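J.: This one is final.cif, mmCIF, C-alpha atoms.
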```cif
data_structure
loop_
_atom_site.group_PDB
_atom_site.id
_atom_site.type_symbol
_atom_site.label_atom_id
_atom_site.label_comp_id
_atom_site.auth_asym_id
_atom_site.auth_seq_id
_atom_site.Cartn_x
_atom_site.Cartn_y
_atom_site.Cartn_z
ATOM 1 C CA ALA A 1 -16.382 22.239 -3.892
ATOM 2 C CA HIS A 2 -18.848 20.089 -5.870
ATOM 3 C CA ILE A 3 -19.586 17.848 -2.880
ATOM 4 C CA ASP A 4 -20.095 20.823 -0.577
ATOM 5 C CA ALA A 5 -22.410 22.492 -3.109
ATOM 6 C CA LEU A 6 -24.531 19.322 -3.247
ATOM 7 C CA LEU A 7 -24.831 19.322 0.549
ATOM 8 C CA ARG A 8 -25.859 23.000 0.676
ATOM 9 C CA LYS A 9 -28.463 22.381 -2.020
ATOM 10 C CA TRP A 10 -30.203 19.709 0.049
ATOM 11 C CA LEU A 11 -29.829 21.550 3.361
ATOM 12 C CA ALA A 12 -31.723 24.420 1.792
ATOM 13 C CA ALA A 13 -34.632 22.061 1.049
ATOM 14 C CA LEU A 14 -34.592 19.761 4.099
ATOM 15 C CA PRO A 15 -35.638 20.809 7.607
ATOM 16 C CA HIS A 16 -32.866 21.217 10.171
ATOM 17 C CA PRO A 17 -32.536 22.906 13.576
ATOM 18 C CA PHE A 18 -30.547 25.959 12.434
ATOM 19 C CA SER A 19 -32.680 29.058 11.937
ATOM 20 C CA PRO A 20 -31.697 31.851 9.529
ATOM 21 C CA ALA A 21 -30.393 33.785 12.536
ATOM 22 C CA ASP A 22 -28.254 30.806 13.578
ATOM 23 C CA ARG A 23 -26.823 30.475 10.091
ATOM 24 C CA ALA A 24 -26.105 34.199 9.962
ATOM 25 C CA ALA A 25 -24.189 33.816 13.241
ATOM 26 C CA GLY A 26 -22.037 31.067 11.698
ATOM 27 C CA TYR A 27 -23.801 27.932 12.958
ATOM 28 C CA ARG A 28 -24.122 25.382 10.174
ATOM 29 C CA TYR A 29 -23.446 21.809 9.274
ATOM 30 C CA ASP A 30 -20.010 20.805 8.082
ATOM 31 C CA LEU A 31 -18.952 17.763 6.096
ATOM 32 C CA SER A 32 -16.579 15.122 7.446
ATOM 33 C CA ILE A 33 -15.042 12.016 5.886
ATOM 34 C CA LEU A 34 -16.051 8.731 7.478
ATOM 35 C CA GLN A 35 -14.460 6.543 4.806
ATOM 36 C CA ALA A 36 -12.565 7.204 1.587
ATOM 37 C CA GLU A 37 -11.715 4.586 -1.032
ATOM 38 C CA PHE A 38 -9.145 5.053 -3.789
ATOM 39 C CA SER A 39 -8.971 2.368 -6.448
ATOM 40 C CA LEU A 40 -6.816 1.574 -9.453
ATOM 41 C CA THR A 41 -8.056 -0.887 -12.076
ATOM 42 C CA GLN A 42 -5.635 -2.267 -14.659
ATOM 43 C CA MET A 43 -7.223 -4.084 -17.578
ATOM 44 C CA LEU A 44 -5.516 -7.246 -18.847
ATOM 45 C CA ASP A 45 -5.249 -8.290 -22.472
ATOM 46 C CA ARG A 46 -5.191 -11.978 -21.493
ATOM 47 C CA PRO A 47 -7.395 -12.736 -18.457
ATOM 48 C CA GLN A 48 -5.930 -16.230 -18.013
ATOM 49 C CA SER A 49 -2.420 -14.832 -17.713
ATOM 50 C CA GLY A 50 -3.721 -12.229 -15.285
ATOM 51 C CA ARG A 51 -5.142 -14.923 -13.002
ATOM 52 C CA ILE A 52 -1.835 -16.813 -13.033
ATOM 53 C CA PHE A 53 0.037 -13.587 -12.310
ATOM 54 C CA PHE A 54 -2.240 -12.647 -9.417
ATOM 55 C CA GLU A 55 -1.956 -16.048 -7.750
ATOM 56 C CA GLN A 56 1.821 -15.809 -8.052
ATOM 57 C CA VAL A 57 1.709 -12.306 -6.543
ATOM 58 C CA ILE A 58 -0.228 -13.674 -3.554
ATOM 59 C CA ARG A 59 2.343 -16.401 -2.956
ATOM 60 C CA ASP A 60 5.270 -13.973 -3.221
ATOM 61 C CA ASN A 61 3.803 -11.196 -1.052
ATOM 62 C CA LEU A 62 2.339 -12.852 2.012
ATOM 63 C CA ASP A 63 4.718 -10.736 4.106
ATOM 64 C CA LEU A 64 3.276 -7.399 2.940
ATOM 65 C CA GLY A 65 1.546 -6.888 6.268
ATOM 66 C CA ARG A 66 4.819 -6.822 8.187
ATOM 67 C CA PRO A 67 5.557 -3.401 9.721
ATOM 68 C CA ASP A 68 8.692 -2.855 7.603
ATOM 69 C CA GLN A 69 6.720 -3.472 4.404
ATOM 70 C CA ILE A 70 3.734 -1.420 5.548
ATOM 71 C CA SER A 71 6.019 1.526 6.332
ATOM 72 C CA LEU A 72 7.286 1.435 2.734
ATOM 73 C CA ILE A 73 3.813 1.260 1.194
ATOM 74 C CA PHE A 74 2.283 4.068 3.282
ATOM 75 C CA ASP A 75 5.517 6.034 3.752
ATOM 76 C CA ARG A 76 5.028 6.104 7.537
ATOM 77 C CA ARG A 77 7.346 5.301 10.426
ATOM 78 C CA ILE A 78 6.100 2.515 12.671
ATOM 79 C CA PHE A 79 7.207 2.471 16.304
ATOM 80 C CA HIS A 80 7.187 -0.824 18.211
ATOM 81 C CA ARG A 81 8.314 0.597 21.567
ATOM 82 C CA GLY A 82 8.394 3.885 23.395
ATOM 83 C CA PRO A 83 5.686 5.991 25.013
ATOM 84 C CA ARG A 84 3.507 5.999 21.887
ATOM 85 C CA PRO A 85 3.893 2.802 19.840
ATOM 86 C CA THR A 86 2.017 2.715 16.545
ATOM 87 C CA PRO A 87 -1.445 1.208 17.205
ATOM 88 C CA GLY A 88 -3.138 -1.349 15.024
ATOM 89 C CA THR A 89 -2.657 -4.848 13.679
ATOM 90 C CA PHE A 90 -0.261 -5.226 10.765
ATOM 91 C CA ARG A 91 -1.068 -8.333 8.777
ATOM 92 C CA THR A 92 -1.693 -9.888 5.382
ATOM 93 C CA ARG A 93 -4.821 -11.938 4.724
ATOM 94 C CA VAL A 94 -5.826 -14.022 1.715
ATOM 95 C CA LEU A 95 -9.598 -14.479 1.451
ATOM 96 C CA THR A 96 -11.206 -16.851 -1.048
ATOM 97 C CA ASP A 97 -14.732 -16.167 -2.251
ATOM 98 C CA GLY A 98 -15.673 -19.237 -4.257
ATOM 99 C CA VAL A 99 -12.582 -19.712 -6.412
ATOM 100 C CA ILE A 100 -11.497 -16.050 -6.593
ATOM 101 C CA PRO A 101 -8.850 -15.105 -3.997
ATOM 102 C CA SER A 102 -8.240 -11.575 -2.762
ATOM 103 C CA LEU A 103 -5.243 -10.085 -0.953
ATOM 104 C CA HIS A 104 -5.838 -7.832 2.095
ATOM 105 C CA VAL A 105 -3.173 -5.737 3.840
ATOM 106 C CA ASP A 106 -4.094 -3.955 7.091
ATOM 107 C CA TYR A 107 -2.562 -0.754 8.480
ATOM 108 C CA LYS A 108 -4.191 0.585 11.649
ATOM 109 C CA THR A 109 -7.879 0.965 10.656
ATOM 110 C CA SER A 110 -7.088 1.339 6.957
ATOM 111 C CA ARG A 111 -6.550 -1.477 4.479
ATOM 112 C CA ILE A 112 -5.565 -2.325 0.930
ATOM 113 C CA LYS A 113 -7.544 -4.913 -0.990
ATOM 114 C CA GLN A 114 -6.383 -6.435 -4.254
ATOM 115 C CA TYR A 115 -8.285 -8.909 -6.387
ATOM 116 C CA HIS A 116 -8.883 -10.153 -9.924
ATOM 117 C CA LYS A 117 -12.005 -8.207 -10.952
ATOM 118 C CA GLU A 118 -14.489 -10.117 -13.123
ATOM 119 C CA GLY A 119 -11.608 -12.186 -14.490
ATOM 120 C CA ARG A 120 -10.401 -9.330 -16.667
ATOM 121 C CA ALA A 121 -8.597 -6.768 -14.503
ATOM 122 C CA LEU A 122 -6.324 -6.361 -11.520
ATOM 123 C CA ARG A 123 -8.009 -4.036 -9.017
ATOM 124 C CA THR A 124 -6.147 -2.386 -6.146
ATOM 125 C CA GLU A 125 -8.198 -0.513 -3.541
ATOM 126 C CA THR A 126 -6.960 1.507 -0.577
ATOM 127 C CA THR A 127 -9.714 2.226 1.947
ATOM 128 C CA ILE A 128 -9.031 4.819 4.649
ATOM 129 C CA ASN A 129 -11.521 4.349 7.482
ATOM 130 C CA ASN A 130 -10.033 7.000 9.755
ATOM 131 C CA PRO A 131 -8.064 9.963 8.333
ATOM 132 C CA THR A 132 -6.399 10.462 11.713
ATOM 133 C CA ASP A 133 -4.394 7.289 10.992
ATOM 134 C CA PHE A 134 -2.267 9.657 8.903
ATOM 135 C CA ARG A 135 -2.540 12.672 11.223
ATOM 136 C CA ILE A 136 -5.075 14.301 8.924
ATOM 137 C CA GLY A 137 -8.364 15.832 10.007
ATOM 138 C CA LYS A 138 -11.766 14.501 8.971
ATOM 139 C CA ARG A 139 -13.086 17.664 7.326
ATOM 140 C CA LEU A 140 -13.889 17.500 3.635
ATOM 141 C CA THR A 141 -11.123 19.995 2.852
ATOM 142 C CA ASN A 142 -8.626 17.195 3.587
ATOM 143 C CA LEU A 143 -9.909 14.994 0.764
ATOM 144 C CA PRO A 144 -7.127 15.987 -1.723
ATOM 145 C CA THR A 145 -4.478 15.032 0.844
ATOM 146 C CA LEU A 146 -6.161 11.691 1.492
ATOM 147 C CA ARG A 147 -6.402 11.141 -2.241
ATOM 148 C CA GLN A 148 -2.652 11.562 -2.614
ATOM 149 C CA ILE A 149 -1.989 9.100 0.217
ATOM 150 C CA GLY A 150 -4.413 6.523 -1.172
ATOM 151 C CA PHE A 151 -3.208 6.512 -4.754
ATOM 152 C CA THR A 152 0.445 6.637 -3.677
ATOM 153 C CA ALA A 153 -0.135 3.545 -1.511
ATOM 154 C CA ASN A 154 -1.643 1.746 -4.511
ATOM 155 C CA ARG A 155 1.364 2.581 -6.664
ATOM 156 C CA ARG A 156 3.871 1.622 -3.967
ATOM 157 C CA LEU A 157 2.173 -1.741 -3.467
ATOM 158 C CA LEU A 158 2.266 -2.461 -7.200
ATOM 159 C CA GLY A 159 5.927 -1.408 -7.278
ATOM 160 C CA VAL A 160 6.817 -3.875 -4.522
ATOM 161 C CA GLN A 161 4.928 -6.641 -6.315
ATOM 162 C CA GLN A 162 6.555 -5.837 -9.649
ATOM 163 C CA LEU A 163 10.029 -6.190 -8.154
ATOM 164 C CA SER A 164 9.149 -9.507 -6.520
ATOM 165 C CA HIS A 165 7.646 -10.842 -9.755
ATOM 166 C CA ASP A 166 10.431 -9.804 -12.144
ATOM 167 C CA PRO A 167 12.717 -12.833 -12.496
ATOM 168 C CA ALA A 168 14.719 -11.180 -15.276
ATOM 169 C CA ARG A 169 15.839 -8.348 -13.020
ATOM 170 C CA GLY A 170 16.616 -10.833 -10.258
ATOM 171 C CA ALA A 171 18.723 -12.909 -12.630
ATOM 172 C CA GLU A 172 20.680 -9.828 -13.688
ATOM 173 C CA VAL A 173 21.439 -8.878 -10.088
ATOM 174 C CA PHE A 174 22.397 -12.453 -9.237
ATOM 175 C CA ALA A 175 24.795 -12.598 -12.189
ATOM 176 C CA ALA A 176 26.298 -9.209 -11.287
ATOM 177 C CA VAL A 177 27.083 -10.440 -7.766
ATOM 178 C CA THR A 178 28.308 -13.935 -8.575
ATOM 179 C CA ASP A 179 30.294 -13.270 -11.776
ATOM 180 C CA PRO A 180 33.807 -11.812 -11.669
ATOM 181 C CA ILE A 181 34.276 -8.247 -12.907
ATOM 182 C CA ARG A 182 37.185 -6.180 -14.168
ATOM 183 C CA THR A 183 37.655 -2.544 -13.164
ATOM 184 C CA ALA A 184 38.581 0.300 -15.504
ATOM 185 C CA GLU A 185 42.185 -0.008 -14.312
ATOM 186 C CA GLY A 186 42.259 -3.677 -15.329
ATOM 187 C CA THR A 187 42.022 -5.152 -11.843
ATOM 188 C CA ARG A 188 40.100 -8.411 -11.773
ATOM 189 C CA ILE A 189 37.677 -8.812 -8.842
ATOM 190 C CA PRO A 190 36.414 -12.346 -8.265
ATOM 191 C CA GLY A 191 32.693 -12.951 -7.936
ATOM 192 C CA LEU A 192 30.902 -14.208 -4.849
ATOM 193 C CA ARG A 193 30.281 -17.919 -5.357
ATOM 194 C CA PHE A 194 26.804 -18.370 -3.986
ATOM 195 C CA THR A 195 27.397 -21.941 -2.780
ATOM 196 C CA ASP A 196 30.592 -21.020 -0.920
ATOM 197 C CA PRO A 197 30.059 -21.262 2.894
ATOM 198 C CA ARG A 198 32.070 -18.064 3.412
ATOM 199 C CA VAL A 199 29.816 -16.176 0.991
ATOM 200 C CA GLN A 200 26.738 -17.488 2.801
ATOM 201 C CA ALA A 201 28.230 -16.355 6.113
ATOM 202 C CA LEU A 202 28.894 -12.884 4.680
ATOM 203 C CA LEU A 203 25.353 -12.523 3.349
ATOM 204 C CA HIS A 204 23.980 -13.721 6.694
ATOM 205 C CA ALA A 205 26.035 -11.114 8.544
ATOM 206 C CA LEU A 206 24.840 -8.354 6.217
ATOM 207 C CA LEU A 207 21.211 -9.273 6.907
ATOM 208 C CA VAL A 208 21.732 -9.474 10.657
ATOM 209 C CA PHE A 209 23.349 -6.034 10.858
ATOM 210 C CA LYS A 210 21.369 -4.251 8.123
ATOM 211 C CA LEU A 211 19.567 -1.964 10.616
ATOM 212 C CA LEU A 212 22.709 -0.889 12.461
ATOM 213 C CA PRO A 213 24.723 2.174 11.420
#
```
What's the structure tokens form of this structure?
T.:
Amino acid sequence: AHIDALLRKWLAALPHPFSPADRAAGYRYDLSILQAEFSLTQMLDRPQSGRIFFEQVIRDNLDLGRPDQISLIFDRRIFHRGPRPTPGTFRTRVLTDGVIPSLHVDYKTSRIKQYHKEGRALRTETTINNPTDFRIGKRLTNLPTLRQIGFTANRRLLGVQQLSHDPARGAEVFAAVTDPIRTAEGTRIPGLRFTDPRVQALLHALLVFKLLP
């Protein structure tokens, strides 16, 4: 409402081709969204630690641009085949400006950029260059819906990175799988010895067939 009011204020002062009769008949300018950017900036108490963390995040998340990861971040199904495959290039790029790297993840014509801002904050930006990427119209009334998509994508990306950068949680899961356990009935279940060839074969089979029912 505030943006539309600002437009109407200036249209009342600037010349345009619609006469009062045209406006009375319903002819008037409407606002559309060419680009919308939604950013989240997280300040760091120790900038040096933040730089180390961000460089580690880049190393651990170079696969973010893969379609399966993109579908998690944007909560969208991506079709590789069929009559209408999902258009666009899905990729991860690391750009270095001087000595400051930035992480870029592309989805159709939209992208997420993440970088260490002024050495003191982690900034995550989702830029939507075409609302129709998400089957949303370009009229200004769709801005709240785009806002929800943009900020949700930022949070999902940070959630994926947090899981990949949490060695404590990974150690707990590893111990839970490899250590023996005892059920409530007293039955002892041996753990999966990670170096055992049969365990490796089982894990390999689970990964191969993970997408099958």
J.: The PyMOL selection byres ((chain A and resi 143) around 12) on the file shown: which residues, as a PyMOL selection string?
T.: chain A and resi 1+3-4+31-38+128+131+136-142+144-150
J.: I need the output of the PyMOL selection byres ((chain A and resi 52) around 12) for this file as a list in words; which residues are they?
T.: Leu44, Arg46, Pro47, Gln48, Ser49, Gly50, Arg51, Phe53, Phe54, Glu55, Gln56, Val57, Ile58, Arg59, Ile100, Pro101, His116, Gly119, Arg120, Leu122 and His165 of chain A
J.: With the file shown as input, list the residues that the PyMOL selection byres ((chain A and resi 103) around 7) selects, as an NGL selection string.
T.: :A and (58 or 93-95 or 101-102 or 104-105 or 113-115)
J.: Please determine an axis-aligned box that encloses all atoms of segment 20-26 of chain A listed in the file, with 6 Å added on each side, and express its centre and edge lengths in Å to one decimal as lines of an AutoDock Vina configuration file.
T.:
```
center_x = -26.9
center_y = 32.3
center_z = 11.6
size_x = 21.7
size_y = 15.7
size_z = 16.0
```
J.: Between A:Ala24, A:Leu11, A:Ile73, A:Ala121, single out the one closest to Met43 of chain A, counting all atoms listed in the file.
T.: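 Looking only at the distances to Met43 of chain A, the closest residue turns out to be A:Ala121.
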J.: Quote the spacing between atom CA of Arg188 of chain A and atom CA of Ala201 of chain A in Å to one decimal place.
T.: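 Interatomic distance, atom CA of Arg188 of chain A to atom CA of Ala201 of chain A: 22.9 Å.
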J.: Between atom CA of Asn129 of chain A and atom CA of His2 of chain A, what is the distance, to one decimal in Å?
T.: 21.9 Å
J.: With only C-alpha atoms as the counted atoms, please give the residues lying no more than 10 Å from Arg8 of chain A, apart from itself and same-chain residues fewer than 6 positions off, as an mmCIF file with C-alpha atoms, in the coordinates of the input.
T.:
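The new file selection22.cif reads:
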```
data_model
loop_
_atom_site.group_PDB
_atom_site.id
_atom_site.type_symbol
_atom_site.label_atom_id
_atom_site.label_comp_id
_atom_site.auth_asym_id
_atom_site.auth_seq_id
_atom_site.Cartn_x
_atom_site.Cartn_y
_atom_site.Cartn_z
ATOM 1 C CA LEU A 14 -34.592 19.761 4.099
ATOM 2 C CA ARG A 28 -24.122 25.382 10.174
ATOM 3 C CA TYR A 29 -23.446 21.809 9.274
ATOM 4 C CA ASP A 30 -20.010 20.805 8.082
#
```
J.: I'd like the interatomic distance between atom CA of Glu172 of chain A and atom CA of His204 of chain A, to a tenth of an Å.
T.: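 So the answer is 21.0 Å.
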J.: Taking all atoms listed in the file into account, which of A:Ala21, A:Leu207, A:Leu7, A:Ala175 comes nearest Leu192 of chain A?
T.: A:Ala175
J.: Counting only C-alpha atoms, select every polymer residue within 6 Å of (-8.7, 0.9, 2.1) as defined in the file's coordinates, and provide the selection as a list of chain:residue names.
T.: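 All residues meeting the 6 Å criterion around (-8.7, 0.9, 2.1) are A:Glu37, A:Ser110, A:Arg111, A:Ile112, A:Glu125, A:Thr126, A:Thr127, A:Ile128.
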